[in-house]
file data-v8.cif (mmCIF, C-alpha atoms and all ligand atoms)
data_my_file
loop_
_atom_site.group_PDB
_atom_site.id
_atom_site.type_symbol
_atom_site.label_atom_id
_atom_site.label_comp_id
_atom_site.auth_asym_id
_atom_site.auth_seq_id
_atom_site.Cartn_x
_atom_site.Cartn_y
_atom_site.Cartn_z
ATOM 1 C CA MET I 1 32.184 1.532 -30.611
ATOM 2 C CA ARG I 2 33.645 -0.131 -27.549
ATOM 3 C CA GLU I 3 32.660 2.848 -25.392
ATOM 4 C CA LYS I 4 29.130 2.646 -26.722
ATOM 5 C CA ILE I 5 28.860 -1.023 -25.794
ATOM 6 C CA LEU I 6 30.265 -0.292 -22.343
ATOM 7 C CA ALA I 7 27.822 2.563 -21.931
ATOM 8 C CA LEU I 8 24.959 0.260 -22.917
ATOM 9 C CA TYR I 9 26.033 -2.350 -20.379
ATOM 10 C CA PHE I 10 26.230 0.360 -17.762
ATOM 11 C CA LEU I 11 22.703 1.542 -18.550
ATOM 12 C CA LEU I 12 21.430 -2.024 -18.423
ATOM 13 C CA PHE I 13 23.116 -2.526 -15.063
ATOM 14 C CA LEU I 14 21.610 0.705 -13.731
ATOM 15 C CA SER I 15 18.106 -0.198 -14.850
ATOM 16 C CA ILE I 16 18.359 -3.652 -13.269
ATOM 17 C CA VAL I 17 19.500 -2.130 -9.982
ATOM 18 C CA THR I 18 16.736 0.474 -10.088
ATOM 19 C CA PHE I 19 14.078 -2.051 -11.002
ATOM 20 C CA ALA I 20 15.179 -4.531 -8.343
ATOM 21 C CA GLY I 21 15.198 -1.727 -5.797
ATOM 22 C CA CYS I 22 11.600 -0.827 -6.566
ATOM 23 C CA SER I 23 10.159 -4.302 -6.615
ATOM 24 C CA ALA I 24 12.099 -5.795 -3.740
ATOM 25 C CA SER I 25 9.711 -5.775 -0.834
ATOM 26 C CA THR I 26 10.981 -5.680 2.701
ATOM 27 C CA LEU I 27 7.523 -6.261 4.109
ATOM 28 C CA PRO I 28 6.880 -9.225 6.372
ATOM 29 C CA ALA I 29 4.353 -11.822 5.179
ATOM 30 C CA GLY I 30 0.840 -10.385 5.203
ATOM 31 C CA ASP I 31 -2.283 -12.030 6.535
ATOM 32 C CA ALA I 32 -5.623 -11.121 4.913
ATOM 33 C CA ALA I 33 -7.692 -12.010 7.994
ATOM 34 C CA ARG I 34 -5.621 -9.725 10.198
ATOM 35 C CA GLY I 35 -5.767 -7.069 7.478
ATOM 36 C CA LYS I 36 -9.556 -7.270 7.485
ATOM 37 C CA ALA I 37 -9.619 -6.649 11.226
ATOM 38 C CA LEU I 38 -7.199 -3.739 10.875
ATOM 39 C CA PHE I 39 -9.342 -2.230 8.107
ATOM 40 C CA ALA I 40 -11.945 -1.323 10.727
ATOM 41 C CA ASP I 41 -9.573 -0.798 13.667
ATOM 42 C CA THR I 42 -9.577 2.727 15.128
ATOM 43 C CA THR I 43 -6.254 2.128 16.898
ATOM 44 C CA LEU I 44 -4.370 1.997 13.581
ATOM 45 C CA GLY I 45 -4.530 5.787 13.438
ATOM 46 C CA THR I 46 -5.023 8.536 15.958
ATOM 47 C CA ASN I 47 -8.118 10.411 14.779
ATOM 48 C CA GLY I 48 -10.757 7.755 15.381
ATOM 49 C CA LYS I 49 -11.129 7.000 11.660
ATOM 50 C CA THR I 50 -10.579 3.647 9.980
ATOM 51 C CA CYS I 51 -10.038 2.592 6.392
ATOM 52 C CA ASN I 52 -13.706 1.613 6.447
ATOM 53 C CA THR I 53 -14.721 5.229 7.180
ATOM 54 C CA CYS I 54 -13.973 6.167 3.557
ATOM 55 C CA HIS I 55 -13.636 2.831 1.768
ATOM 56 C CA THR I 56 -17.033 1.725 3.053
ATOM 57 C CA GLU I 57 -18.477 -1.791 3.272
ATOM 58 C CA MET I 58 -14.997 -3.076 4.113
ATOM 59 C CA GLY I 59 -13.551 -1.768 0.862
ATOM 60 C CA ARG I 60 -16.425 -2.875 -1.344
ATOM 61 C CA GLY I 61 -18.635 0.220 -1.138
ATOM 62 C CA GLU I 62 -17.761 3.882 -1.654
ATOM 63 C CA LYS I 63 -14.188 4.411 -2.872
ATOM 64 C CA SER I 64 -14.179 0.739 -3.647
ATOM 65 C CA LEU I 65 -10.857 -1.067 -3.507
ATOM 66 C CA VAL I 66 -12.141 -4.114 -5.372
ATOM 67 C CA GLY I 67 -9.698 -5.000 -8.135
ATOM 68 C CA LYS I 68 -7.351 -2.145 -7.169
ATOM 69 C CA LYS I 69 -3.662 -2.850 -6.925
ATOM 70 C CA PRO I 70 -2.766 -2.449 -3.243
ATOM 71 C CA TYR I 71 0.418 -0.406 -3.565
ATOM 72 C CA GLU I 72 2.374 -0.187 -0.351
ATOM 73 C CA HIS I 73 2.945 3.555 -0.697
ATOM 74 C CA THR I 74 -0.776 4.229 -1.169
ATOM 75 C CA ILE I 75 -1.619 2.253 1.950
ATOM 76 C CA ARG I 76 1.048 4.163 3.884
ATOM 77 C CA ASP I 77 -0.282 7.475 2.494
ATOM 78 C CA CYS I 78 -3.800 6.666 3.655
ATOM 79 C CA ILE I 79 -2.573 5.572 7.111
ATOM 80 C CA GLN I 80 -0.611 8.799 7.487
ATOM 81 C CA ALA I 81 -2.867 11.376 5.853
ATOM 82 C CA ALA I 82 -6.321 9.927 6.417
ATOM 83 C CA LEU I 83 -5.891 8.239 9.798
ATOM 84 C CA GLN I 84 -3.108 10.476 11.171
ATOM 85 C CA GLY I 85 -1.293 7.246 11.975
ATOM 86 C CA ASP I 86 2.262 5.987 11.774
ATOM 87 C CA PRO I 87 2.900 4.850 8.168
ATOM 88 C CA GLY I 88 5.838 2.705 9.285
ATOM 89 C CA GLN I 89 3.745 -0.099 10.794
ATOM 90 C CA GLU I 90 5.240 -2.797 8.597
ATOM 91 C CA GLN I 91 3.103 -5.716 9.725
ATOM 92 C CA ALA I 92 -0.094 -3.672 9.432
ATOM 93 C CA VAL I 93 0.833 -2.476 5.920
ATOM 94 C CA ALA I 94 1.561 -6.077 4.884
ATOM 95 C CA ASP I 95 -1.726 -7.356 6.354
ATOM 96 C CA LEU I 96 -3.793 -4.554 4.764
ATOM 97 C CA LYS I 97 -2.085 -5.226 1.451
ATOM 98 C CA ALA I 98 -3.025 -8.922 1.716
ATOM 99 C CA TYR I 99 -6.624 -8.027 2.591
ATOM 100 C CA ILE I 100 -7.080 -5.492 -0.239
ATOM 101 C CA GLY I 101 -5.490 -7.969 -2.639
ATOM 102 C CA SER I 102 -8.131 -10.495 -1.641
ATOM 103 C CA LEU I 103 -11.092 -8.211 -2.480
HETATM 104 C C1 LIG I 201 -10.428 10.118 4.879
HETATM 105 C C2 LIG I 201 -10.777 9.134 3.865
HETATM 106 C C3 LIG I 201 -9.877 7.917 3.684
HETATM 107 C C4 LIG I 201 -9.478 7.009 4.625
HETATM 108 C C5 LIG I 201 -9.822 7.008 6.109
HETATM 109 C C6 LIG I 201 -8.665 6.024 3.930
HETATM 110 N N1 LIG I 201 -8.590 6.330 2.607
HETATM 111 FE FE1 LIG I 201 -7.663 5.220 1.164
HETATM 112 N N2 LIG I 201 -8.164 6.612 -0.207
HETATM 113 C C7 LIG I 201 -8.892 7.760 0.024
HETATM 114 C C8 LIG I 201 -8.975 8.532 -1.198
HETATM 115 C C9 LIG I 201 -9.692 9.875 -1.358
HETATM 116 C C10 LIG I 201 -8.276 7.814 -2.177
HETATM 117 C C11 LIG I 201 -8.054 8.211 -3.623
HETATM 118 C C12 LIG I 201 -8.768 7.324 -4.578
HETATM 119 C C13 LIG I 201 -10.265 7.384 -4.492
HETATM 120 O O1 LIG I 201 -10.854 8.471 -4.458
HETATM 121 O O2 LIG I 201 -10.880 6.287 -4.494
HETATM 122 C C14 LIG I 201 -7.786 6.602 -1.524
HETATM 123 C C15 LIG I 201 -7.077 5.617 -2.164
HETATM 124 C C16 LIG I 201 -6.667 4.429 -1.595
HETATM 125 C C17 LIG I 201 -6.052 3.339 -2.313
HETATM 126 C C18 LIG I 201 -5.733 3.326 -3.811
HETATM 127 C C19 LIG I 201 -6.970 2.976 -4.581
HETATM 128 C C20 LIG I 201 -6.740 3.063 -6.068
HETATM 129 O O3 LIG I 201 -7.551 3.736 -6.729
HETATM 130 O O4 LIG I 201 -5.792 2.457 -6.580
HETATM 131 C C21 LIG I 201 -5.801 2.354 -1.407
HETATM 132 C C22 LIG I 201 -5.154 1.003 -1.675
HETATM 133 C C23 LIG I 201 -6.277 2.839 -0.135
HETATM 134 N N3 LIG I 201 -6.814 4.094 -0.290
HETATM 135 C C24 LIG I 201 -6.209 2.136 1.044
HETATM 136 C C25 LIG I 201 -6.588 2.643 2.268
HETATM 137 C C26 LIG I 201 -6.351 1.961 3.517
HETATM 138 C C27 LIG I 201 -5.659 0.613 3.661
HETATM 139 C C28 LIG I 201 -6.838 2.748 4.503
HETATM 140 C C29 LIG I 201 -6.755 2.533 5.982
HETATM 141 C C30 LIG I 201 -5.414 2.439 6.506
HETATM 142 C C31 LIG I 201 -7.414 3.922 3.859
HETATM 143 N N4 LIG I 201 -7.247 3.819 2.510
HETATM 144 C C32 LIG I 201 -8.063 4.945 4.533
HETATM 145 C C33 LIG I 201 -9.465 8.118 1.218
HETATM 146 C C34 LIG I 201 -9.304 7.479 2.410
#
call {"tool": "encode", "arguments": {"input": "data-v8.cif", "output": "structure tokens", "more": "lines below"}}
Ligand code: HEC
result
Amino acid sequence: MREKILALYFLLFLSIVTFAGCSASTLPAGDAARGKALFADTTLGTNGKTCNTCHTEMGRGEKSLVGKKPYEHTIRDCIQAALQGDPGQEQAVADLKAYIGSL
């Protein structure tokens, strides 16, 4: 019985640690206006594309991002895979996240 209770506490502890680890953001504060500029900025990546190339009309057209949850990892994926850019641009990720969240 005692072991079971201890095991339960341990599981609870583990899930809190895991959950906190996932939700704790290390991103700097984002700025939607800067994010909007970055959305169409060819210097974010290296292949001349911008977010607006695929998510047209500044995220409101094709592949619309309106109402989509702007997950950090998705933004990084698109910077890396679609723009051939550095996904570790923390300020840019934060600003894009703020912009997409504002759509
Ligand atoms: C080469 C095309 C392309 C480019 C450029 C691109 N994306 Fe994407 N993006 C996609 C595709 C494909 C998906 C998958 C979902 C879809 O089809 O709408 C996606 C999904 C996303 C999602 C998740 C949407 C959802 O359904 O939850 C976000 C957020 C996103 N992109 C942000 C960005 C940002 C920010 C940039 C610029 C840094 C960017 N994308 C550049 C093609 C692109």
call {"tool": "residues_around", "arguments": {"input": "data-v8.cif", "residues": "stretch 24-37 of chain I", "least_positions_apart": "2", "cutoff": "8 Å", "atoms": "only C-alpha atoms", "output": "short mmCIF file (atom, residue, chain, number, x, y, z; two decimals) with C-alpha atoms, in the coordinates of the input"}}
result
data_model
loop_
_atom_site.label_atom_id
_atom_site.label_comp_id
_atom_site.auth_asym_id
_atom_site.auth_seq_id
_atom_site.Cartn_x
_atom_site.Cartn_y
_atom_site.Cartn_z
CA ALA I 20 15.18 -4.53 -8.34
CA GLY I 21 15.20 -1.73 -5.80
CA CYS I 22 11.60 -0.83 -6.57
CA PHE I 39 -9.34 -2.23 8.11
CA ALA I 40 -11.94 -1.32 10.73
CA ASP I 41 -9.57 -0.80 13.67
CA MET I 58 -15.00 -3.08 4.11
CA GLU I 90 5.24 -2.80 8.60
CA GLN I 91 3.10 -5.72 9.72
CA ALA I 92 -0.09 -3.67 9.43
CA VAL I 93 0.83 -2.48 5.92
CA ALA I 94 1.56 -6.08 4.88
CA ASP I 95 -1.73 -7.36 6.35
CA LEU I 96 -3.79 -4.55 4.76
CA LYS I 97 -2.08 -5.23 1.45
CA ALA I 98 -3.02 -8.92 1.72
CA TYR I 99 -6.62 -8.03 2.59
CA ILE I 100 -7.08 -5.49 -0.24
CA SER I 102 -8.13 -10.50 -1.64
#
call {"tool": "atom_distance", "arguments": {"input": "data-v8.cif", "atom1": "atom CA of I:Pro70", "atom2": "atom CA of I:Gln84"}}
result
19.4 Å
call {"tool": "closest_atom_pairs", "arguments": {"input": "data-v8.cif", "of": "chain I", "to": "ligand LIG 201 (chain I)", "cutoff": "7 Å", "atoms": "all atoms listed in the file", "output": "CSV"}}
result
residue,atom,partner,partner_atom,distance
I:Phe39,CA,I:LIG201,C29,5.8
I:Lys49,CA,I:LIG201,C5,5.7
I:Thr50,CA,I:LIG201,C5,5.2
I:Cys51,CA,I:LIG201,C29,3.3
I:Asn52,CA,I:LIG201,C5,6.7
I:Thr53,CA,I:LIG201,C5,5.3
I:Cys54,CA,I:LIG201,C2,4.4
I:His55,CA,I:LIG201,N1,6.2
I:Lys63,CA,I:LIG201,O2,4.1
I:Ser64,CA,I:LIG201,O2,6.5
I:Leu65,CA,I:LIG201,C19,5.7
I:Lys68,CA,I:LIG201,O4,4.9
I:Lys69,CA,I:LIG201,O4,5.7
I:Pro70,CA,I:LIG201,C22,4.5
I:Tyr71,CA,I:LIG201,C22,6.1
I:Thr74,CA,I:LIG201,C21,5.4
I:Ile75,CA,I:LIG201,C24,4.7
I:Cys78,CA,I:LIG201,C31,4.5
I:Ile79,CA,I:LIG201,C30,4.3
I:Ala82,CA,I:LIG201,C1,4.4
I:Leu83,CA,I:LIG201,C5,5.5
I:Leu96,CA,I:LIG201,C27,5.6
I:Ile100,CA,I:LIG201,C22,6.9
call {"tool": "closest_residue", "arguments": {"input": "data-v8.cif", "among": "I:Gly45, I:Gly67, I:Gly101, I:Gly59", "to": "I:Asp86", "atoms": "all atoms listed in the file"}}
result
I:Gly45
call {"tool": "closest_residue", "arguments": {"input": "data-v8.cif", "among": "I:Gln89, I:Glu62, I:Gln80, I:Glu72", "to": "I:Asn47", "atoms": "all atoms listed in the file"}}
result
I:Gln80
call {"tool": "build_atoms", "arguments": {"input": "data-v8.cif", "residues": "stretch 43-74 of chain I", "atoms": "N, CA and C atoms", "output": "mmCIF file, in the coordinates of the input"}}
result
data_model
loop_
_atom_site.group_PDB
_atom_site.id
_atom_site.type_symbol
_atom_site.label_atom_id
_atom_site.label_comp_id
_atom_site.auth_asym_id
_atom_site.auth_seq_id
_atom_site.Cartn_x
_atom_site.Cartn_y
_atom_site.Cartn_z
ATOM 1 N N THR I 43 -7.550 1.914 16.247
ATOM 2 C CA THR I 43 -6.254 2.128 16.898
ATOM 3 C C THR I 43 -5.098 2.163 15.896
ATOM 4 N N LEU I 44 -5.410 1.925 14.615
ATOM 5 C CA LEU I 44 -4.370 1.997 13.581
ATOM 6 C C LEU I 44 -3.909 3.451 13.411
ATOM 7 N N GLY I 45 -4.856 4.364 13.539
ATOM 8 C CA GLY I 45 -4.530 5.787 13.438
ATOM 9 C C GLY I 45 -4.753 6.473 14.768
ATOM 10 N N THR I 46 -4.870 7.793 14.700
ATOM 11 C CA THR I 46 -5.023 8.536 15.958
ATOM 12 C C THR I 46 -6.245 9.455 15.951
ATOM 13 N N ASN I 47 -7.002 9.458 14.852
ATOM 14 C CA ASN I 47 -8.118 10.411 14.779
ATOM 15 C C ASN I 47 -9.483 9.728 14.819
ATOM 16 N N GLY I 48 -9.487 8.457 15.232
ATOM 17 C CA GLY I 48 -10.757 7.755 15.381
ATOM 18 C C GLY I 48 -11.319 7.215 14.074
ATOM 19 N N LYS I 49 -10.638 7.518 12.940
ATOM 20 C CA LYS I 49 -11.129 7.000 11.660
ATOM 21 C C LYS I 49 -10.515 5.641 11.375
ATOM 22 N N THR I 50 -11.146 4.910 10.458
ATOM 23 C CA THR I 50 -10.579 3.647 9.980
ATOM 24 C C THR I 50 -10.619 3.668 8.455
ATOM 25 N N CYS I 51 -9.992 2.702 7.851
ATOM 26 C CA CYS I 51 -10.038 2.592 6.392
ATOM 27 C C CYS I 51 -11.496 2.528 5.947
ATOM 28 N N ASN I 52 -12.300 1.840 6.768
ATOM 29 C CA ASN I 52 -13.706 1.613 6.447
ATOM 30 C C ASN I 52 -14.531 2.905 6.501
ATOM 31 N N THR I 53 -14.009 3.953 7.131
ATOM 32 C CA THR I 53 -14.721 5.229 7.180
ATOM 33 C C THR I 53 -14.922 5.759 5.761
ATOM 34 N N CYS I 54 -13.902 5.646 4.937
ATOM 35 C CA CYS I 54 -13.973 6.167 3.557
ATOM 36 C C CYS I 54 -14.198 5.055 2.528
ATOM 37 N N HIS I 55 -13.471 3.972 2.680
ATOM 38 C CA HIS I 55 -13.636 2.831 1.768
ATOM 39 C C HIS I 55 -14.694 1.936 2.410
ATOM 40 N N THR I 56 -15.954 2.344 2.279
ATOM 41 C CA THR I 56 -17.033 1.725 3.053
ATOM 42 C C THR I 56 -17.295 0.277 2.652
ATOM 43 N N GLU I 57 -18.133 -0.367 3.452
ATOM 44 C CA GLU I 57 -18.477 -1.791 3.272
ATOM 45 C C GLU I 57 -17.219 -2.636 3.163
ATOM 46 N N MET I 58 -16.262 -2.339 4.040
ATOM 47 C CA MET I 58 -14.997 -3.076 4.113
ATOM 48 C C MET I 58 -14.242 -3.068 2.779
ATOM 49 N N GLY I 59 -14.317 -1.927 2.106
ATOM 50 C CA GLY I 59 -13.551 -1.768 0.862
ATOM 51 C C GLY I 59 -14.334 -2.120 -0.386
ATOM 52 N N ARG I 60 -15.625 -2.475 -0.180
ATOM 53 C CA ARG I 60 -16.425 -2.875 -1.344
ATOM 54 C C ARG I 60 -17.481 -1.834 -1.706
ATOM 55 N N GLY I 61 -17.594 -0.776 -0.899
ATOM 56 C CA GLY I 61 -18.635 0.220 -1.138
ATOM 57 C C GLY I 61 -18.080 1.464 -1.809
ATOM 58 N N GLU I 62 -18.298 2.617 -1.145
ATOM 59 C CA GLU I 62 -17.761 3.882 -1.654
ATOM 60 C C GLU I 62 -16.244 3.808 -1.704
ATOM 61 N N LYS I 63 -15.645 4.486 -2.673
ATOM 62 C CA LYS I 63 -14.188 4.411 -2.872
ATOM 63 C C LYS I 63 -13.738 2.957 -2.838
ATOM 64 N N SER I 64 -14.426 2.180 -3.624
ATOM 65 C CA SER I 64 -14.179 0.739 -3.647
ATOM 66 C C SER I 64 -12.721 0.405 -3.959
ATOM 67 N N LEU I 65 -12.226 -0.603 -3.265
ATOM 68 C CA LEU I 65 -10.857 -1.067 -3.507
ATOM 69 C C LEU I 65 -10.857 -2.405 -4.234
ATOM 70 N N VAL I 66 -12.048 -2.833 -4.662
ATOM 71 C CA VAL I 66 -12.141 -4.114 -5.372
ATOM 72 C C VAL I 66 -11.374 -4.025 -6.692
ATOM 73 N N GLY I 67 -10.465 -4.959 -6.891
ATOM 74 C CA GLY I 67 -9.698 -5.000 -8.135
ATOM 75 C C GLY I 67 -8.592 -3.963 -8.217
ATOM 76 N N LYS I 68 -8.417 -3.155 -7.172
ATOM 77 C CA LYS I 68 -7.351 -2.145 -7.169
ATOM 78 C C LYS I 68 -6.050 -2.780 -6.722
ATOM 79 N N LYS I 69 -4.962 -2.306 -7.309
ATOM 80 C CA LYS I 69 -3.662 -2.850 -6.925
ATOM 81 C C LYS I 69 -3.267 -2.209 -5.588
ATOM 82 N N PRO I 70 -3.045 -3.013 -4.563
ATOM 83 C CA PRO I 70 -2.766 -2.449 -3.243
ATOM 84 C C PRO I 70 -1.303 -2.033 -3.090
ATOM 85 N N TYR I 71 -0.962 -0.884 -3.666
ATOM 86 C CA TYR I 71 0.418 -0.406 -3.565
ATOM 87 C C TYR I 71 0.736 -0.023 -2.129
ATOM 88 N N GLU I 72 1.900 -0.467 -1.705
ATOM 89 C CA GLU I 72 2.374 -0.187 -0.351
ATOM 90 C C GLU I 72 2.342 1.310 -0.032
ATOM 91 N N HIS I 73 2.841 2.117 -0.989
ATOM 92 C CA HIS I 73 2.945 3.555 -0.697
ATOM 93 C C HIS I 73 1.572 4.200 -0.557
ATOM 94 N N THR I 74 0.580 3.680 -1.292
ATOM 95 C CA THR I 74 -0.776 4.229 -1.169
ATOM 96 C C THR I 74 -1.350 3.896 0.200
#
